[in-house]
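Peer 1: Pasting my_file_36.pdb below, which is PDB, C-alpha atoms.
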MODEL        1
ATOM      1  CA  MET N 114    -122.925  25.053-203.418
ATOM      2  CA  ALA N 115    -122.480  28.714-204.275
ATOM      3  CA  ILE N 116    -119.262  29.643-206.037
ATOM      4  CA  TYR N 117    -119.895  33.310-205.361
ATOM      5  CA  ASP N 118    -121.709  34.529-202.258
ATOM      6  CA  GLY N 119    -122.737  38.149-202.430
ATOM      7  CA  GLU N 120    -125.347  40.566-203.674
ATOM      8  CA  LYS N 121    -127.357  39.324-206.645
ATOM      9  CA  ILE N 122    -126.052  40.663-209.955
ATOM     10  CA  LYS N 123    -128.573  41.250-212.744
ATOM     11  CA  ILE N 124    -127.249  40.324-216.180
ATOM     12  CA  ASN N 125    -129.139  40.524-219.465
ATOM     13  CA  PHE N 126    -127.756  38.242-222.183
ATOM     14  CA  ILE N 127    -128.418  39.606-225.688
ATOM     15  CA  VAL N 128    -128.502  37.118-228.574
ATOM     16  CA  VAL N 129    -129.468  37.785-232.205
ATOM     17  CA  VAL N 130    -130.623  34.856-234.347
ATOM     18  CA  TYR N 131    -131.171  34.863-238.089
ATOM     19  CA  ALA N 132    -130.695  31.677-240.126
ATOM     20  CA  THR N 133    -130.100  29.099-237.393
ATOM     21  CA  PRO N 134    -133.141  27.983-235.357
ATOM     22  CA  PRO N 135    -132.733  29.043-231.704
ATOM     23  CA  ALA N 136    -132.738  25.449-230.444
ATOM     24  CA  LEU N 137    -129.689  24.706-232.602
ATOM     25  CA  THR N 138    -127.593  27.718-231.634
ATOM     26  CA  VAL N 139    -124.509  26.981-229.567
ATOM     27  CA  THR N 140    -125.042  30.126-227.498
ATOM     28  CA  LEU N 141    -128.611  29.490-226.370
ATOM     29  CA  LYS N 142    -127.951  25.825-225.644
ATOM     30  CA  SER N 143    -124.897  26.672-223.542
ATOM     31  CA  LEU N 144    -126.712  29.401-221.592
ATOM     32  CA  GLY N 145    -129.480  26.939-220.765
ATOM     33  CA  SER N 146    -126.987  24.506-219.242
ATOM     34  CA  ILE N 147    -125.505  26.905-216.672
ATOM     35  CA  ASP N 148    -126.680  26.978-213.055
ATOM     36  CA  PHE N 149    -126.524  30.715-212.463
ATOM     37  CA  SER N 150    -127.690  30.344-208.855
ATOM     38  CA  LYS N 151    -124.153  29.193-207.968
ATOM     39  CA  PHE N 152    -122.899  32.620-208.982
ATOM     40  CA  CYS N 153    -125.561  34.777-207.292
ATOM     41  CA  ILE N 154    -126.567  36.008-210.749
ATOM     42  CA  THR N 155    -130.116  36.933-211.689
ATOM     43  CA  GLN N 156    -130.102  36.197-215.396
ATOM     44  CA  SER N 157    -132.408  37.350-218.166
ATOM     45  CA  LEU N 158    -132.297  36.677-221.885
ATOM     46  CA  SER N 159    -133.192  38.970-224.777
ATOM     47  CA  VAL N 160    -133.458  37.162-228.118
ATOM     48  CA  TRP N 161    -133.874  39.262-231.254
ATOM     49  CA  ASP N 162    -135.117  37.176-234.172
ATOM     50  CA  ASN N 163    -133.969  38.726-237.452
ATOM     51  CA  SER N 164    -135.483  36.009-239.657
ATOM     52  CA  ALA N 165    -138.316  36.944-242.007
ATOM     53  CA  GLU N 166    -140.965  34.518-240.738
ATOM     54  CA  GLY N 167    -139.836  34.322-237.138
ATOM     55  CA  PHE N 168    -139.030  31.187-235.174
ATOM     56  CA  GLY N 169    -141.290  32.190-232.277
ATOM     57  CA  LYS N 170    -140.604  32.440-228.559
ATOM     58  CA  ASP N 171    -141.424  28.753-228.051
ATOM     59  CA  ALA N 172    -138.433  27.843-230.234
ATOM     60  CA  ILE N 173    -136.016  29.222-227.636
ATOM     61  CA  PRO N 174    -134.363  26.444-225.571
ATOM     62  CA  ASP N 175    -135.094  26.219-221.854
ATOM     63  CA  PHE N 176    -133.587  29.116-219.937
ATOM     64  CA  ASN N 177    -133.907  29.552-216.181
ATOM     65  CA  GLY N 178    -134.777  33.242-216.202
ATOM     66  CA  ASP N 179    -136.893  35.898-217.849
ATOM     67  CA  VAL N 180    -136.940  35.703-221.648
ATOM     68  CA  ASN N 181    -137.778  38.636-223.914
ATOM     69  CA  TYR N 182    -138.376  37.800-227.578
ATOM     70  CA  TYR N 183    -138.286  40.359-230.387
ATOM     71  CA  HIS N 184    -139.353  39.891-234.006
ATOM     72  CA  ASN N 185    -140.556  42.439-236.567
ATOM     73  CA  GLY N 186    -140.084  40.548-239.826
ATOM     74  CA  ILE N 187    -137.103  42.534-241.082
ATOM     75  CA  ASN N 188    -133.375  41.966-240.809
ATOM     76  CA  GLU N 189    -132.786  44.834-238.386
ATOM     77  CA  SER N 190    -129.350  46.406-238.051
ATOM     78  CA  LEU N 191    -127.449  45.190-235.009
ATOM     79  CA  SER N 192    -126.863  48.723-233.753
ATOM     80  CA  VAL N 193    -130.630  49.333-233.627
ATOM     81  CA  VAL N 194    -131.178  45.941-231.985
ATOM     82  CA  TYR N 195    -128.669  46.544-229.198
ATOM     83  CA  ASN N 196    -129.858  50.082-228.465
ATOM     84  CA  LYS N 197    -133.497  48.974-228.346
ATOM     85  CA  ILE N 198    -132.850  46.106-225.945
ATOM     86  CA  VAL N 199    -130.761  48.285-223.623
ATOM     87  CA  SER N 200    -133.502  50.922-223.649
ATOM     88  CA  ASP N 201    -136.136  48.301-222.775
ATOM     89  CA  SER N 202    -134.111  46.731-219.943
ATOM     90  CA  GLU N 203    -134.063  49.294-217.160
ATOM     91  CA  GLY N 204    -133.668  46.676-214.434
ATOM     92  CA  SER N 205    -130.478  45.153-215.830
ATOM     93  CA  GLN N 206    -127.132  46.098-214.280
ATOM     94  CA  TYR N 207    -125.018  44.449-216.959
ATOM     95  CA  PHE N 208    -125.461  43.436-220.583
ATOM     96  CA  ILE N 209    -123.552  40.650-222.315
ATOM     97  CA  VAL N 210    -123.699  40.709-226.110
ATOM     98  CA  LEU N 211    -123.356  37.327-227.799
ATOM     99  CA  ASP N 212    -123.285  35.959-231.327
ATOM    100  CA  ASP N 213    -125.279  32.780-231.856
ATOM    101  CA  ASP N 214    -122.173  30.564-232.093
ATOM    102  CA  SER N 215    -120.476  31.559-228.827
ATOM    103  CA  GLU N 216    -120.278  28.785-226.245
ATOM    104  CA  ILE N 217    -120.657  30.240-222.753
ATOM    105  CA  THR N 218    -119.140  28.129-219.997
ATOM    106  CA  GLU N 219    -118.857  28.352-216.228
ATOM    107  CA  LYS N 220    -115.243  29.429-216.736
ATOM    108  CA  TYR N 221    -116.468  32.457-218.680
ATOM    109  CA  ILE N 222    -118.981  33.270-215.915
ATOM    110  CA  CYS N 223    -116.259  32.928-213.258
ATOM    111  CA  SER N 224    -114.083  35.357-215.225
ATOM    112  CA  LEU N 225    -116.678  38.083-214.727
ATOM    113  CA  PHE N 226    -116.065  38.512-211.008
ATOM    114  CA  GLY N 227    -112.663  40.117-211.391
ATOM    115  CA  PHE N 228    -114.341  42.513-213.785
ATOM    116  CA  PHE N 229    -117.164  43.263-211.336
ATOM    117  CA  SER N 230    -114.693  44.244-208.616
ATOM    118  CA  SER N 231    -112.593  46.410-210.962
ATOM    119  CA  GLY N 232    -115.118  49.226-211.317
ATOM    120  CA  ILE N 233    -114.371  49.341-215.069
ATOM    121  CA  PRO N 234    -117.545  49.622-217.201
ATOM    122  CA  VAL N 235    -116.624  47.229-220.049
ATOM    123  CA  GLY N 236    -114.941  43.831-220.130
ATOM    124  CA  ILE N 237    -113.935  41.730-223.137
ATOM    125  CA  PRO N 238    -112.757  38.138-223.646
ATOM    126  CA  ARG N 239    -110.110  36.883-226.012
ATOM    127  CA  ILE N 240    -111.643  35.544-229.228
ATOM    128  CA  LEU N 241    -109.827  32.967-231.325
ATOM    129  CA  PHE N 242    -110.363  31.877-234.917
ATOM    130  CA  LYS N 243    -108.444  28.711-235.787
ATOM    131  CA  ARG N 244    -106.033  29.376-232.876
ATOM    132  CA  ASP N 245    -105.359  32.944-234.012
ATOM    133  CA  LEU N 246    -106.306  35.858-231.764
ATOM    134  CA  ILE N 247    -108.798  37.989-233.716
ATOM    135  CA  SER N 248    -110.118  40.040-230.799
ATOM    136  CA  PRO N 249    -109.156  42.324-229.198
ATOM    137  CA  GLY N 250    -106.988  44.257-231.619
ATOM    138  CA  MET N 251    -105.727  47.780-232.136
ATOM    139  CA  VAL N 252    -106.519  50.596-234.536
ATOM    140  CA  GLN N 253    -103.825  52.727-236.138
ATOM    141  CA  GLY N 254    -105.253  55.606-238.106
ATOM    142  CA  VAL N 255    -107.992  54.088-240.291
ATOM    143  CA  ARG N 256    -106.758  50.502-240.244
ATOM    144  CA  GLY N 257    -106.765  47.640-237.796
ATOM    145  CA  LYS N 258    -103.811  45.754-236.374
ATOM    146  CA  GLN N 259    -103.644  42.341-234.732
ATOM    147  CA  ILE N 260    -101.991  42.024-231.346
ATOM    148  CA  SER N 261    -100.153  39.102-229.786
ATOM    149  CA  ASN N 262    -102.088  36.769-227.517
ATOM    150  CA  GLU N 263     -98.947  36.236-225.444
ATOM    151  CA  HIS N 264     -98.705  39.927-224.566
ATOM    152  CA  LEU N 265    -102.379  40.349-223.646
ATOM    153  CA  LYS N 266    -102.666  40.261-219.862
ATOM    154  CA  VAL N 267    -105.835  39.676-217.856
ATOM    155  CA  GLY N 268    -107.120  42.725-216.007
ATOM    156  CA  SER N 269    -107.145  46.474-216.530
ATOM    157  CA  LYS N 270    -105.752  47.798-219.806
ATOM    158  CA  ASP N 271    -105.619  51.203-221.474
ATOM    159  CA  SER N 272    -108.664  51.547-223.716
ATOM    160  CA  LYS N 273    -107.069  53.971-226.187
ATOM    161  CA  ASP N 274    -106.924  52.424-229.683
ATOM    162  CA  LEU N 275    -108.108  49.043-228.356
ATOM    163  CA  VAL N 276    -111.057  47.523-230.224
ATOM    164  CA  ALA N 277    -112.822  44.174-230.039
ATOM    165  CA  MET N 278    -115.602  42.034-231.398
ATOM    166  CA  MET N 279    -118.859  42.385-229.479
ATOM    167  CA  SER N 280    -119.422  38.709-228.692
ATOM    168  CA  GLY N 281    -118.730  38.051-225.022
ATOM    169  CA  THR N 282    -118.451  41.757-224.220
ATOM    170  CA  ILE N 283    -119.979  42.743-220.880
ATOM    171  CA  ILE N 284    -121.150  46.330-220.408
ATOM    172  CA  HIS N 285    -122.244  48.041-217.192
ATOM    173  CA  ARG N 286    -125.404  50.095-217.458
ATOM    174  CA  GLN N 287    -123.498  53.159-216.244
ATOM    175  CA  ALA N 288    -121.805  53.381-219.663
ATOM    176  CA  PHE N 289    -125.179  53.675-221.384
ATOM    177  CA  ASP N 290    -126.471  56.068-218.717
ATOM    178  CA  ALA N 291    -123.448  58.251-219.520
ATOM    179  CA  GLY N 292    -124.524  58.447-223.164
ATOM    180  CA  LEU N 293    -122.628  55.599-224.835
ATOM    181  CA  ARG N 294    -124.616  54.104-227.718
ATOM    182  CA  PHE N 295    -124.195  51.855-230.724
ATOM    183  CA  ASP N 296    -123.905  54.015-233.845
ATOM    184  CA  GLU N 297    -127.081  53.433-235.859
ATOM    185  CA  ARG N 298    -125.480  54.716-239.059
ATOM    186  CA  LEU N 299    -123.803  51.303-239.097
ATOM    187  CA  SER N 300    -125.823  48.156-239.687
ATOM    188  CA  PHE N 301    -123.286  45.315-239.381
ATOM    189  CA  TYR N 302    -119.605  45.912-240.129
ATOM    190  CA  GLY N 303    -117.902  48.497-237.961
ATOM    191  CA  ILE N 304    -120.463  48.541-235.143
ATOM    192  CA  ASP N 305    -118.095  46.950-232.660
ATOM    193  CA  THR N 306    -115.052  49.018-233.688
ATOM    194  CA  LYS N 307    -116.996  52.280-233.444
ATOM    195  CA  PHE N 308    -118.408  51.281-230.052
ATOM    196  CA  PHE N 309    -114.944  50.740-228.583
ATOM    197  CA  ILE N 310    -113.552  53.920-230.127
ATOM    198  CA  ASP N 311    -116.428  55.881-228.585
ATOM    199  CA  TYR N 312    -115.962  54.047-225.283
ATOM    200  CA  ALA N 313    -112.266  54.972-225.138
ATOM    201  CA  ARG N 314    -113.132  58.647-225.545
ATOM    202  CA  ARG N 315    -115.137  58.411-222.305
ATOM    203  CA  TYR N 316    -113.252  55.856-220.215
ATOM    204  CA  PRO N 317    -109.458  55.374-219.960
ATOM    205  CA  LYS N 318    -109.527  51.682-219.005
ATOM    206  CA  ILE N 319    -111.061  48.454-220.270
ATOM    207  CA  PHE N 320    -110.961  45.016-218.608
ATOM    208  CA  ILE N 321    -109.551  41.882-220.254
ATOM    209  CA  LEU N 322    -111.479  38.851-218.980
ATOM    210  CA  ASP N 323    -109.734  35.587-218.154
ATOM    211  CA  ALA N 324    -111.833  33.845-220.797
ATOM    212  CA  VAL N 325    -111.482  32.636-224.371
ATOM    213  CA  LEU N 326    -114.263  32.253-226.940
ATOM    214  CA  ILE N 327    -113.865  30.308-230.180
ATOM    215  CA  HIS N 328    -115.494  32.148-233.044
ATOM    216  CA  SER N 329    -116.187  31.876-236.754
ATOM    217  CA  SER N 330    -115.171  34.748-239.033
ATOM    218  CA  ALA N 331    -116.898  35.375-242.353
ATOM    219  CA  LEU N 332    -114.099  37.709-243.445
ATOM    220  CA  ARG N 333    -111.421  35.084-242.781
ATOM    221  CA  GLU N 334    -113.124  31.903-243.996
ATOM    222  CA  ARG N 335    -111.661  30.478-247.179
ATOM    223  CA  GLY N 336    -113.628  29.064-250.098
ATOM    224  CA  GLN N 337    -116.122  31.908-250.482
ATOM    225  CA  THR N 338    -117.342  32.877-253.936
ATOM    226  CA  TYR N 339    -115.920  36.077-255.378
ATOM    227  CA  GLU N 340    -119.388  37.663-255.454
ATOM    228  CA  LEU N 341    -120.025  37.053-251.757
ATOM    229  CA  ARG N 342    -116.550  38.015-250.609
ATOM    230  CA  VAL N 343    -116.310  41.241-252.615
ATOM    231  CA  LYS N 344    -119.705  42.341-251.292
ATOM    232  CA  ARG N 345    -118.518  41.825-247.719
ATOM    233  CA  LEU N 346    -115.245  43.622-248.364
ATOM    234  CA  LYS N 347    -117.006  46.615-249.915
ATOM    235  CA  ASN N 348    -119.328  46.905-246.920
ATOM    236  CA  LEU N 349    -116.327  46.625-244.604
ATOM    237  CA  VAL N 350    -114.439  49.428-246.359
ATOM    238  CA  LEU N 351    -117.462  51.742-246.532
ATOM    239  CA  SER N 352    -118.145  51.274-242.818
ATOM    240  CA  ARG N 353    -114.883  53.117-242.168
ATOM    241  CA  LEU N 354    -116.549  56.359-243.271
ATOM    242  CA  TYR N 355    -118.523  56.293-240.015
ATOM    243  CA  VAL N 356    -116.056  54.453-237.797
ATOM    244  CA  PHE N 357    -113.240  56.944-238.402
ATOM    245  CA  ASP N 358    -115.110  60.177-239.109
ATOM    246  CA  HIS N 359    -113.530  61.712-235.988
ATOM    247  CA  ILE N 360    -110.086  61.614-237.661
ATOM    248  CA  SER N 361    -108.890  64.609-239.657
ATOM    249  CA  ASN N 362    -108.810  64.018-243.430
ATOM    250  CA  PHE N 363    -110.419  60.632-242.867
ATOM    251  CA  ARG N 364    -111.731  60.371-246.439
ATOM    252  CA  LEU N 365    -108.278  60.856-247.922
ATOM    253  CA  LYS N 366    -106.765  58.381-245.475
ATOM    254  CA  ILE N 367    -109.449  55.778-246.206
ATOM    255  CA  SER N 368    -108.837  56.237-249.940
ATOM    256  CA  ILE N 369    -105.130  55.538-249.498
ATOM    257  CA  TYR N 370    -105.990  52.564-247.316
ATOM    258  CA  LEU N 371    -108.396  51.284-250.003
ATOM    259  CA  PHE N 372    -105.726  51.310-252.711
ATOM    260  CA  PHE N 373    -103.276  49.194-250.714
ATOM    261  CA  PHE N 374    -106.065  46.976-249.361
ATOM    262  CA  CYS N 375    -107.220  46.309-252.927
ATOM    263  CA  MET N 376    -103.726  45.412-254.137
ATOM    264  CA  LYS N 377    -103.139  43.131-251.149
ATOM    265  CA  THR N 378    -106.473  41.378-251.699
ATOM    266  CA  ILE N 379    -105.716  40.756-255.390
ATOM    267  CA  VAL N 380    -102.388  39.158-254.477
ATOM    268  CA  ARG N 381    -103.769  37.118-251.575
ATOM    269  CA  GLU N 382    -106.798  35.849-253.486
ATOM    270  CA  LYS N 383    -104.907  35.559-256.793
ATOM    271  CA  ASN N 384    -107.889  37.156-258.508
ATOM    272  CA  ILE N 385    -107.668  40.376-260.517
ATOM    273  CA  GLN N 386    -111.444  40.808-260.228
ATOM    274  CA  TYR N 387    -110.906  42.419-256.830
ATOM    275  CA  ILE N 388    -109.743  45.516-258.714
ATOM    276  CA  SER N 389    -113.463  46.357-258.561
ATOM    277  CA  LEU N 390    -112.876  47.498-254.969
ATOM    278  CA  LEU N 391    -111.347  50.655-256.417
ATOM    279  CA  GLY N 392    -114.825  51.538-257.647
ATOM    280  CA  LEU N 393    -115.521  52.682-254.073
ATOM    281  CA  PHE N 394    -113.349  55.779-254.535
ATOM    282  CA  PRO N 395    -116.250  58.080-255.596
ATOM    283  CA  LYS N 396    -118.319  57.115-252.535
ATOM    284  CA  ILE N 397    -115.374  57.637-250.211
ATOM    285  CA  LEU N 398    -114.262  60.972-251.625
ATOM    286  CA  LYS N 399    -117.631  62.672-252.017
ATOM    287  CA  SER N 400    -118.102  65.669-249.728
ATOM    288  CA  GLN N 401    -121.249  64.475-247.963
ATOM    289  CA  ASP N 402    -122.189  61.067-246.464
TER     290      ASP N 402
ENDMDL
END
Represent the supplied structure as structure tokens.
Peer 2:
Amino acid sequence: MAIYDGEKIKINFIVVVYATPPALTVTLKSLGSIDFSKFCITQSLSVWDNSAEGFGKDAIPDFNGDVNYYHNGINESLSVVYNKIVSDSEGSQYFIVLDDDSEITEKYICSLFGFFSSGIPVGIPRILFKRDLISPGMVQGVRGKQISNEHLKVGSKDSKDLVAMMSGTIIHRQAFDAGLRFDERLSFYGIDTKFFIDYARRYPKIFILDAVLIHSSALRERGQTYELRVKRLKNLVLSRLYVFDHISNFRLKISIYLFFFCMKTIVREKNIQYISLLGLFPKILKSQD
């Protein structure tokens, strides 16, 4: 029995795999279990394999729709991946970007129909990490700020200063046709934040889906080695040079942010080694990127 009876909606699900074999990813397994015919959705799947050897198209779990498989043997930046898939998918009306550990349920699919009728080009779910809301959030100057889950209402919301993680985000093709792109100066950290900042400069509203995704977070997981964590933090800080380059005196503001971020990290981690973060000052303050 159809849950939604209307014109067929063409959705392209974008999933990037790297270390986990496709058959073991939560996302691909969950997509394969959904009967999209109940929702009048014509579904397609674009899987970008960022592993060195490549798992192969045959490694992708059963999916009742067209499957496009990409592999070039290098760990391609996510911004390049997303732009390439959008460019190749002229027949898709909507794109849903997913990490490989996002479980997609019928409840998530049902949440899309309020978004479809809103006329707003982008919709985002709530994302939780250990019961804490980690997406969406806000930006203030060159820093991020968490918002309260209790005060986040489903439906239309002002897009100004609102940012989110990409997983579960649905984007209408009209946004890309209007010139919105993923910034290819960024390879991993900052891609999502920059996308939503650029989106808000074009569109005044964004749609909050009535859906929740549970997500891992490399930046929030405890028990990481100092070497791994400091590398991630340095990449995160340096990404701000591109994310916030539209702000006046952004280099100075990022430098001030770095100092306090470094001190806070030393206290939180109880490790003076994180003073090495201050070594980013020359890269931040130089006159040219």
Peer 1: Given the point (-133.2, 45.3, -244.3) in the file's coordinates, find the residues that have an atom at most 12 Å from it, counting all atoms listed in the file, and give them as a ChimeraX atom specification.
Peer 2: /N:163-165,185-191,193,300-301
Peer 1: Once the PyMOL selection byres ((chain N and resi 350) around 9) is applied to the coordinates I shared, what remains selected? I want it as a list in words.
Peer 2: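 For this structure, the PyMOL selection byres ((chain N and resi 350) around 9) resolves to Tyr302, Arg345, Leu346, Lys347, Asn348, Leu349, Leu351, Ser352, Arg353, Leu354, Ile367, Leu371, Leu390 and Leu393 of chain N.
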Peer 1: Between N:Phe228, N:Phe208, N:Tyr221, N:Phe357, single out the one closest to Lys307 in chain N, counting all atoms listed in the file.
Peer 2: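 Closest to Lys307 in chain N of all the choices is N:Phe357.
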Peer 1: Name the closest residue to Pro317 in chain N among the candidates N:Val255, N:Leu332, N:Ile233, N:Ile388; distances are taken between atoms, counting only C-alpha atoms.
Peer 2: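 Of the candidates, the smallest distance to Pro317 in chain N is held by N:Ile233.
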Peer 1: Find the residues near Leu275 in chain N: any atom within 8 Å, counting all atoms listed in the file, skip ones fewer than 2 places away on the same chain, and give them as a list in words.
Peer 2: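 Near neighbours after the sequence-gap exclusion: Pro249, Gly250, Met251, Val252, Asp271, Ser272, Lys273, Ala277, Phe309, Ile310 and Ala313 of chain N.
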Peer 1: If we count only C-alpha atoms, what is near Leu141 in chain N at a cut-off of 9 Å, once residues fewer than 5 positions away on the same chain are taken out, given as a PDB file with C-alpha atoms, keeping the file's coordinate frame?
Peer 2:
ATOM      1  CA  VAL N 128    -128.502  37.118-228.574  1.00  0.00           C
ATOM      2  CA  PRO N 135    -132.733  29.043-231.704  1.00  0.00           C
ATOM      3  CA  ALA N 136    -132.738  25.449-230.444  1.00  0.00           C
ATOM      4  CA  SER N 146    -126.987  24.506-219.242  1.00  0.00           C
ATOM      5  CA  ILE N 173    -136.016  29.222-227.636  1.00  0.00           C
ATOM      6  CA  PRO N 174    -134.363  26.444-225.571  1.00  0.00           C
ATOM      7  CA  ASP N 175    -135.094  26.219-221.854  1.00  0.00           C
ATOM      8  CA  PHE N 176    -133.587  29.116-219.937  1.00  0.00           C
ATOM      9  CA  ASP N 213    -125.279  32.780-231.856  1.00  0.00           C
ATOM     10  CA  ASP N 214    -122.173  30.564-232.093  1.00  0.00           C
ATOM     11  CA  SER N 215    -120.476  31.559-228.827  1.00  0.00           C
ATOM     12  CA  GLU N 216    -120.278  28.785-226.245  1.00  0.00           C
ATOM     13  CA  ILE N 217    -120.657  30.240-222.753  1.00  0.00           C
TER      14      ILE N 217
END
Peer 1: Around range 205-217 of chain N, with edges along x, y and z and 5 Å added on all six sides, what centre and edge lengths do you get, in Å to one decimal, as AutoDock Vina command-line options?
Peer 2:
--center_x -125.4 --center_y 37.4 --center_z -223.2 --size_x 20.2 --size_y 27.3 --size_z 27.8
Peer 1: Quote the spacing between CA of Tyr312 in chain N and CA of Leu293 in chain N in Å to one decimal place.
Peer 2: 6.9 Å
Peer 1: Can you work out which one of N:Gly178, N:Val139, N:Glu120, N:Leu391 has the shortest atom-to-atom distance to Phe152 in chain N, counting all atoms listed in the file?
Peer 2: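 With all atoms listed in the file as the atom set, the closest residue is N:Glu120.
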Peer 1: Can you pull out every residue within 10 Å of Ala288 in chain N, counting only C-alpha atoms, but drop anything in the same chain fewer than 6 positions away, and send it as a list in words?
Peer 2: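 The contact residues come out as Tyr207, Ile233, Pro234, Val235, Arg294, Tyr312, Arg315 and Tyr316 of chain N.
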Peer 1: What lies within 9 Å of Asp179 in chain N using only C-alpha atoms, ignoring chain neighbours under 3 positions off, as a list in words?
Peer 2: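 Once the adjacent positions are removed, what remains is Gln156, Ser157, Leu158, Ser159 and Phe176 of chain N.
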Peer 1: Which is closer to Ile284 in chain N than all the others in N:Gly303, N:Gly254, N:Gly268, N:Gly232, using all atoms listed in the file?
Peer 2: N:Gly232
Peer 1: Would you kindly translate the PyMOL selection byres ((chain N and resi 375) around 10) into the concrete residues it picks from this file, as a short mmCIF file (atom, residue, chain, number, x, y, z; two decimals) with C-alpha atoms, in the frame of the given file?
Peer 2:
data_model
loop_
_atom_site.label_atom_id
_atom_site.label_comp_id
_atom_site.auth_asym_id
_atom_site.auth_seq_id
_atom_site.Cartn_x
_atom_site.Cartn_y
_atom_site.Cartn_z
CA LEU N 346 -115.24 43.62 -248.36
CA TYR N 370 -105.99 52.56 -247.32
CA LEU N 371 -108.40 51.28 -250.00
CA PHE N 372 -105.73 51.31 -252.71
CA PHE N 373 -103.28 49.19 -250.71
CA PHE N 374 -106.06 46.98 -249.36
CA MET N 376 -103.73 45.41 -254.14
CA LYS N 377 -103.14 43.13 -251.15
CA THR N 378 -106.47 41.38 -251.70
CA ILE N 379 -105.72 40.76 -255.39
CA VAL N 380 -102.39 39.16 -254.48
CA ARG N 381 -103.77 37.12 -251.58
CA ILE N 385 -107.67 40.38 -260.52
CA TYR N 387 -110.91 42.42 -256.83
CA ILE N 388 -109.74 45.52 -258.71
CA SER N 389 -113.46 46.36 -258.56
CA LEU N 390 -112.88 47.50 -254.97
CA LEU N 391 -111.35 50.66 -256.42
#
